[in-house]
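A.B. asks: File name input06.txt; file contents compact mmCIF, C-alpha atoms and all ligand atoms; full text below.
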```txt
# COMPACT_ATOMS: atom_id res chain seq x y z
CA MET A 21 9.73 -10.17 -18.52
CA SER A 22 7.37 -10.30 -21.52
CA THR A 23 3.74 -9.25 -21.30
CA LEU A 24 2.71 -12.83 -21.91
CA THR A 25 4.80 -13.97 -18.93
CA ILE A 26 3.36 -11.22 -16.70
CA GLU A 27 -0.15 -12.24 -17.71
CA SER A 28 0.50 -15.93 -17.06
CA ASP A 29 2.10 -15.05 -13.71
CA ILE A 30 -0.94 -13.00 -12.77
CA ALA A 31 -3.31 -15.80 -13.76
CA ALA A 32 -1.33 -18.29 -11.65
CA VAL A 33 -1.10 -15.97 -8.64
CA VAL A 34 -4.83 -15.20 -8.82
CA GLN A 35 -5.68 -18.88 -9.10
CA SER A 36 -3.54 -19.74 -6.09
CA ALA A 37 -5.03 -16.85 -4.04
CA ILE A 38 -8.58 -17.97 -4.89
CA GLU A 39 -7.79 -21.57 -4.02
CA LYS A 40 -6.41 -20.40 -0.66
CA HIS A 41 -9.19 -17.98 0.28
CA GLY A 42 -12.16 -19.42 -1.54
CA LYS A 43 -14.78 -18.09 -3.94
CA LYS A 44 -16.78 -15.90 -1.60
CA HIS A 45 -17.48 -12.23 -1.11
CA ASP A 46 -15.47 -11.86 2.10
CA ALA A 47 -12.41 -13.28 0.33
CA PHE A 48 -12.05 -10.31 -2.05
CA ILE A 49 -9.66 -8.39 0.23
CA PRO A 50 -7.51 -11.41 1.22
CA ILE A 51 -7.23 -12.32 -2.48
CA LEU A 52 -6.18 -8.78 -3.41
CA SER A 53 -3.74 -8.75 -0.45
CA GLU A 54 -2.12 -11.93 -1.70
CA ILE A 55 -1.65 -10.41 -5.16
CA ASN A 56 -0.32 -7.19 -3.61
CA HIS A 57 2.15 -9.23 -1.56
CA VAL A 58 3.51 -11.07 -4.62
CA PHE A 59 3.82 -8.10 -7.01
CA GLY A 60 4.23 -5.24 -4.51
CA TYR A 61 0.94 -3.80 -5.83
CA VAL A 62 -2.18 -4.99 -7.62
CA PRO A 63 -1.48 -4.74 -11.37
CA GLY A 64 -4.35 -3.54 -13.56
CA GLU A 65 -4.56 -6.89 -15.35
CA ALA A 66 -5.13 -8.60 -12.00
CA PHE A 67 -8.57 -7.00 -11.54
CA ARG A 68 -9.77 -8.49 -14.82
CA GLU A 69 -8.26 -11.87 -13.94
CA VAL A 70 -9.77 -11.95 -10.42
CA ARG A 71 -13.17 -11.09 -11.83
CA LYS A 72 -12.85 -13.77 -14.52
CA GLN A 73 -11.77 -16.48 -12.10
CA LEU A 74 -14.12 -15.50 -9.27
CA ILE A 75 -17.39 -15.22 -11.13
CA ASP A 76 -19.45 -18.26 -10.37
CA PRO A 77 -23.18 -18.03 -11.10
CA THR A 78 -23.87 -21.31 -9.32
CA GLU A 79 -22.44 -19.82 -6.11
CA ARG A 80 -23.97 -16.38 -6.83
CA ILE A 81 -20.52 -14.79 -6.91
CA PHE A 82 -20.48 -11.69 -9.11
CA VAL A 83 -17.95 -8.90 -8.92
CA ALA A 84 -17.08 -5.98 -11.17
CA GLU A 85 -13.51 -4.90 -11.92
CA SER A 86 -14.44 -1.43 -10.68
CA GLN A 87 -15.51 -2.91 -7.32
CA LEU A 88 -12.17 -4.68 -6.94
CA PHE A 89 -10.29 -1.55 -8.00
CA GLY A 90 -12.31 0.44 -5.44
CA LEU A 91 -11.26 -1.93 -2.66
CA ALA A 92 -7.59 -1.79 -3.71
CA SER A 93 -7.72 2.02 -3.81
CA PHE A 94 -9.49 2.33 -0.45
CA TYR A 95 -7.32 0.15 1.74
CA ASP A 96 -3.90 1.51 2.77
CA MET A 97 -2.27 -1.88 2.71
CA LEU A 98 -3.11 -2.30 -0.97
CA SER A 99 -1.77 -0.30 -3.88
CA THR A 100 -2.84 0.05 -7.50
CA LYS A 101 0.56 1.48 -8.44
CA PRO A 102 4.07 0.04 -8.00
CA ARG A 103 5.61 1.25 -4.75
CA GLY A 104 9.21 1.86 -3.78
CA ARG A 105 11.37 -0.62 -1.88
CA HIS A 106 10.53 1.31 1.29
CA VAL A 107 7.17 2.85 2.08
CA ILE A 108 6.99 5.80 4.43
CA LYS A 109 3.62 6.41 6.04
CA PHE A 110 3.15 9.67 7.85
CA CYS A 111 0.28 10.12 10.28
CA GLU A 112 -1.63 13.21 9.21
CA ASN A 113 -4.27 13.32 11.95
CA ALA A 114 -4.70 16.23 14.34
CA PRO A 115 -3.02 14.82 17.51
CA CYS A 116 0.23 14.28 15.55
CA HIS A 117 -0.22 17.53 13.64
CA VAL A 118 -0.42 19.71 16.77
CA VAL A 119 2.83 18.34 18.23
CA GLY A 120 4.95 19.22 15.21
CA GLY A 121 3.72 16.85 12.49
CA LYS A 122 3.52 19.53 9.82
CA ALA A 123 7.24 20.34 10.09
CA VAL A 124 8.10 16.63 9.88
CA TRP A 125 5.85 16.19 6.84
CA ASP A 126 7.31 19.25 5.09
CA THR A 127 10.85 18.00 5.75
CA LEU A 128 10.01 14.53 4.41
CA ARG A 129 8.47 15.98 1.25
CA GLU A 130 11.35 18.39 0.68
CA SER A 131 14.19 15.96 1.42
CA LEU A 132 12.74 13.24 -0.83
CA ASN A 133 11.30 15.69 -3.36
CA LEU A 134 8.01 13.78 -3.30
CA LYS A 135 4.35 14.61 -2.95
CA ASN A 136 1.91 12.33 -1.19
CA GLY A 137 1.52 9.05 -3.11
CA GLU A 138 4.66 9.50 -5.21
CA THR A 139 7.68 7.21 -5.58
CA THR A 140 11.27 8.36 -6.14
CA PRO A 141 12.65 7.76 -9.67
CA ASP A 142 15.11 5.17 -8.27
CA SER A 143 12.14 3.28 -6.74
CA LYS A 144 13.67 3.52 -3.27
CA TRP A 145 10.94 5.48 -1.47
CA THR A 146 7.19 5.86 -1.63
CA LEU A 147 5.68 8.58 0.53
CA LEU A 148 2.13 8.27 1.85
CA THR A 149 -0.02 9.89 4.46
CA THR A 150 -2.08 7.68 6.70
CA SER A 151 -4.72 8.17 9.33
CA CYS A 152 -4.13 7.62 13.05
CA LEU A 153 -1.83 4.69 13.79
CA GLY A 154 -3.05 4.47 17.38
CA LEU A 155 0.20 5.89 18.75
CA CYS A 156 -0.93 9.46 19.37
CA SER A 157 0.89 9.66 22.72
CA VAL A 158 4.21 9.52 20.86
CA GLY A 159 3.35 11.77 17.92
CA PRO A 160 4.47 12.82 15.42
CA VAL A 161 4.57 9.24 14.16
CA VAL A 162 6.26 7.94 11.01
CA LEU A 163 6.05 4.32 9.88
CA ILE A 164 8.75 3.05 7.50
CA ASP A 165 7.90 -0.43 6.24
CA ASP A 166 7.20 -2.19 9.58
CA ASP A 167 9.33 0.16 11.73
CA VAL A 168 7.54 2.70 13.89
CA TYR A 169 9.20 6.01 14.81
CA GLY A 170 7.61 8.17 17.49
CA ASN A 171 8.29 11.71 18.74
CA VAL A 172 9.95 12.37 15.40
CA THR A 173 11.52 15.77 14.82
CA PRO A 174 12.68 17.13 11.44
CA ASP A 175 16.35 16.99 12.45
CA GLN A 176 16.11 13.23 13.18
CA LEU A 177 14.91 12.40 9.68
CA PRO A 178 18.28 12.22 7.84
CA ALA A 179 19.61 9.64 10.33
CA ILE A 180 16.37 7.65 10.19
CA LEU A 181 16.31 7.57 6.38
CA GLU A 182 19.99 6.56 6.25
CA ARG A 183 19.14 3.27 7.95
CA TYR A 184 17.48 2.02 4.77
CA GLU A 185 19.37 0.65 1.75
S1 LIG B 1 -2.98 10.90 15.43
FE1 LIG B 1 -1.03 10.22 14.80
S2 LIG B 1 -0.88 8.27 15.71
FE2 LIG B 1 -2.81 8.96 16.32
```
Take the structure in the file and write it out as structure tokens.
C.D. replies:
Amino acid sequence: MSTLTIESDIAAVVQSAIEKHGKKHDAFIPILSEINHVFGYVPGEAFREVRKQLIDPTERIFVAESQLFGLASFYDMLSTKPRGRHVIKFCENAPCHVVGGKAVWDTLRESLNLKNGETTPDSKWTLLTTSCLGLCSVGPVVLIDDDVYGNVTPDQLPAILERYE
């Protein structure tokens, strides 16, 4: 795909997201989510394009690229970097930690040879920590894509990871 095509795709996706969610301040996150859904992340060029298409002095809509980038960096469901085909989110909060979370986390990092936020060279896995998923009673908790695994132990991890192509 040429750069020109990527840029025209981004412009079209941004336009469609803005048409769907409207030119208003509380639409920033839904617009970024839509872009994230299409590309798997929010490409750098998209921040410039969203700003360009959103700004509307008559409606008093002003937004800086840095503000949009800040939102995309802050929210777990958005990414500013391409992610793998499968995203592993590991709950790093204390209730999961005290029931064996550290051993699960260490095993995940070692078996995938990844640090937090990294993606494997074959683009299969992205490893992320997350805050409490609201499932503390079954900690340690690992989320892979939309699948939740509770009471995870290090020795269960190979079989769990094998389920994913
Ligand atoms: S602390 Fe891990 S799910 Fe709540």
A.B. asks: Which residue gives the smallest distance to ligand LIG 1 (chain B) among A:Phe110, A:Trp145, A:Phe89, A:Phe59, with all atoms listed in the file counted?
C.D. replies: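 Closest residue, counting all atoms listed in the file: A:Phe110.
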A.B. asks: Using all atoms listed in the file, what are the residues with an atom within 12 Å of ligand LIG 1 (chain B), set out as a PyMOL selection string?
C.D. replies: chain A and resi 109-122+149-163+168-172
A.B. asks: What's around Arg71 in chain A at 10 Å? Count all atoms listed in the file, leave out sequence neighbours fewer than 5 positions away in its own chain, and write the answer as a PyMOL selection string.
C.D. replies: chain A and resi 34+48+66+76+81-88
A.B. asks: For the selection you just gave me, I'd like the residues written to a file as a PDB file, in the frame of the given file, keeping C-alpha atoms.
C.D. replies:
```
ATOM      1  CA  VAL A  34      -4.830 -15.200  -8.820  1.00  0.00           C
ATOM      2  CA  PHE A  48     -12.050 -10.310  -2.050  1.00  0.00           C
ATOM      3  CA  ALA A  66      -5.130  -8.600 -12.000  1.00  0.00           C
ATOM      4  CA  ASP A  76     -19.450 -18.260 -10.370  1.00  0.00           C
ATOM      5  CA  ILE A  81     -20.520 -14.790  -6.910  1.00  0.00           C
ATOM      6  CA  PHE A  82     -20.480 -11.690  -9.110  1.00  0.00           C
ATOM      7  CA  VAL A  83     -17.950  -8.900  -8.920  1.00  0.00           C
ATOM      8  CA  ALA A  84     -17.080  -5.980 -11.170  1.00  0.00           C
ATOM      9  CA  GLU A  85     -13.510  -4.900 -11.920  1.00  0.00           C
ATOM     10  CA  SER A  86     -14.440  -1.430 -10.680  1.00  0.00           C
ATOM     11  CA  GLN A  87     -15.510  -2.910  -7.320  1.00  0.00           C
ATOM     12  CA  LEU A  88     -12.170  -4.680  -6.940  1.00  0.00           C
TER      13      LEU A  88
END
```
A.B. asks: Find the residues near Asp142 in chain A: any atom within 10 Å, counting only C-alpha atoms, skip ones fewer than 3 places away on the same chain, and give them as a ChimeraX atom specification.
C.D. replies: /A:104-105,139,145
A.B. asks: Taking only C-alpha atoms into account, which of A:Ser99, A:Gln73, A:Asp29, A:Asp126 comes nearest His57 in chain A?
C.D. replies: A:Ser99
A.B. asks: Of the candidates A:Ala179, A:His45, A:Ile164, A:Ser143, which shows the shortest atom-to-atom distance to Arg80 in chain A, using only C-alpha atoms?
C.D. replies: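 Answer, going by the shortest atom-to-atom distance: A:His45.
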A.B. asks: Go through A:Asp165, A:Glu138, A:Glu65, A:Glu185 and flag the residue nearest His106 in chain A, using only C-alpha atoms for the distances.
C.D. replies: A:Asp165
A.B. asks: Identify which of the residues A:Leu132, A:Ala31, A:Ile75, A:Val62 lies closest to Ala92 in chain A, counting all atoms listed in the file when measuring atom-to-atom distances.
C.D. replies: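 Of all the options, A:Val62 lies closest to Ala92 in chain A.
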A.B. asks: Can you tell me how far CA of Leu91 in chain A sits from CA of Leu147 in chain A, in Å to one decimal?
C.D. replies: 20.2 Å
A.B. asks: How far is it from CA of Glu79 in chain A to CA of Lys43 in chain A, in Å with one decimal?
C.D. replies: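 Spanning CA of Glu79 in chain A to CA of Lys43 in chain A is a straight-line distance of 8.1 Å.
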A.B. asks: Kindly indicate which residue among A:Thr146, A:Thr173, A:Thr78, A:Ser36 lies nearest to Pro50 in chain A, using all atoms listed in the file for the distances.
C.D. replies: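 Going through A:Thr146, A:Thr173, A:Thr78, A:Ser36 one by one, the smallest distance to Pro50 in chain A is for A:Ser36.
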A.B. asks: One decimal, in Å: what's the spacing between CA of Ala32 in chain A and CA of Ile49 in chain A?
C.D. replies: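 According to the coordinates, CA of Ala32 in chain A and CA of Ile49 in chain A are separated by 17.6 Å.
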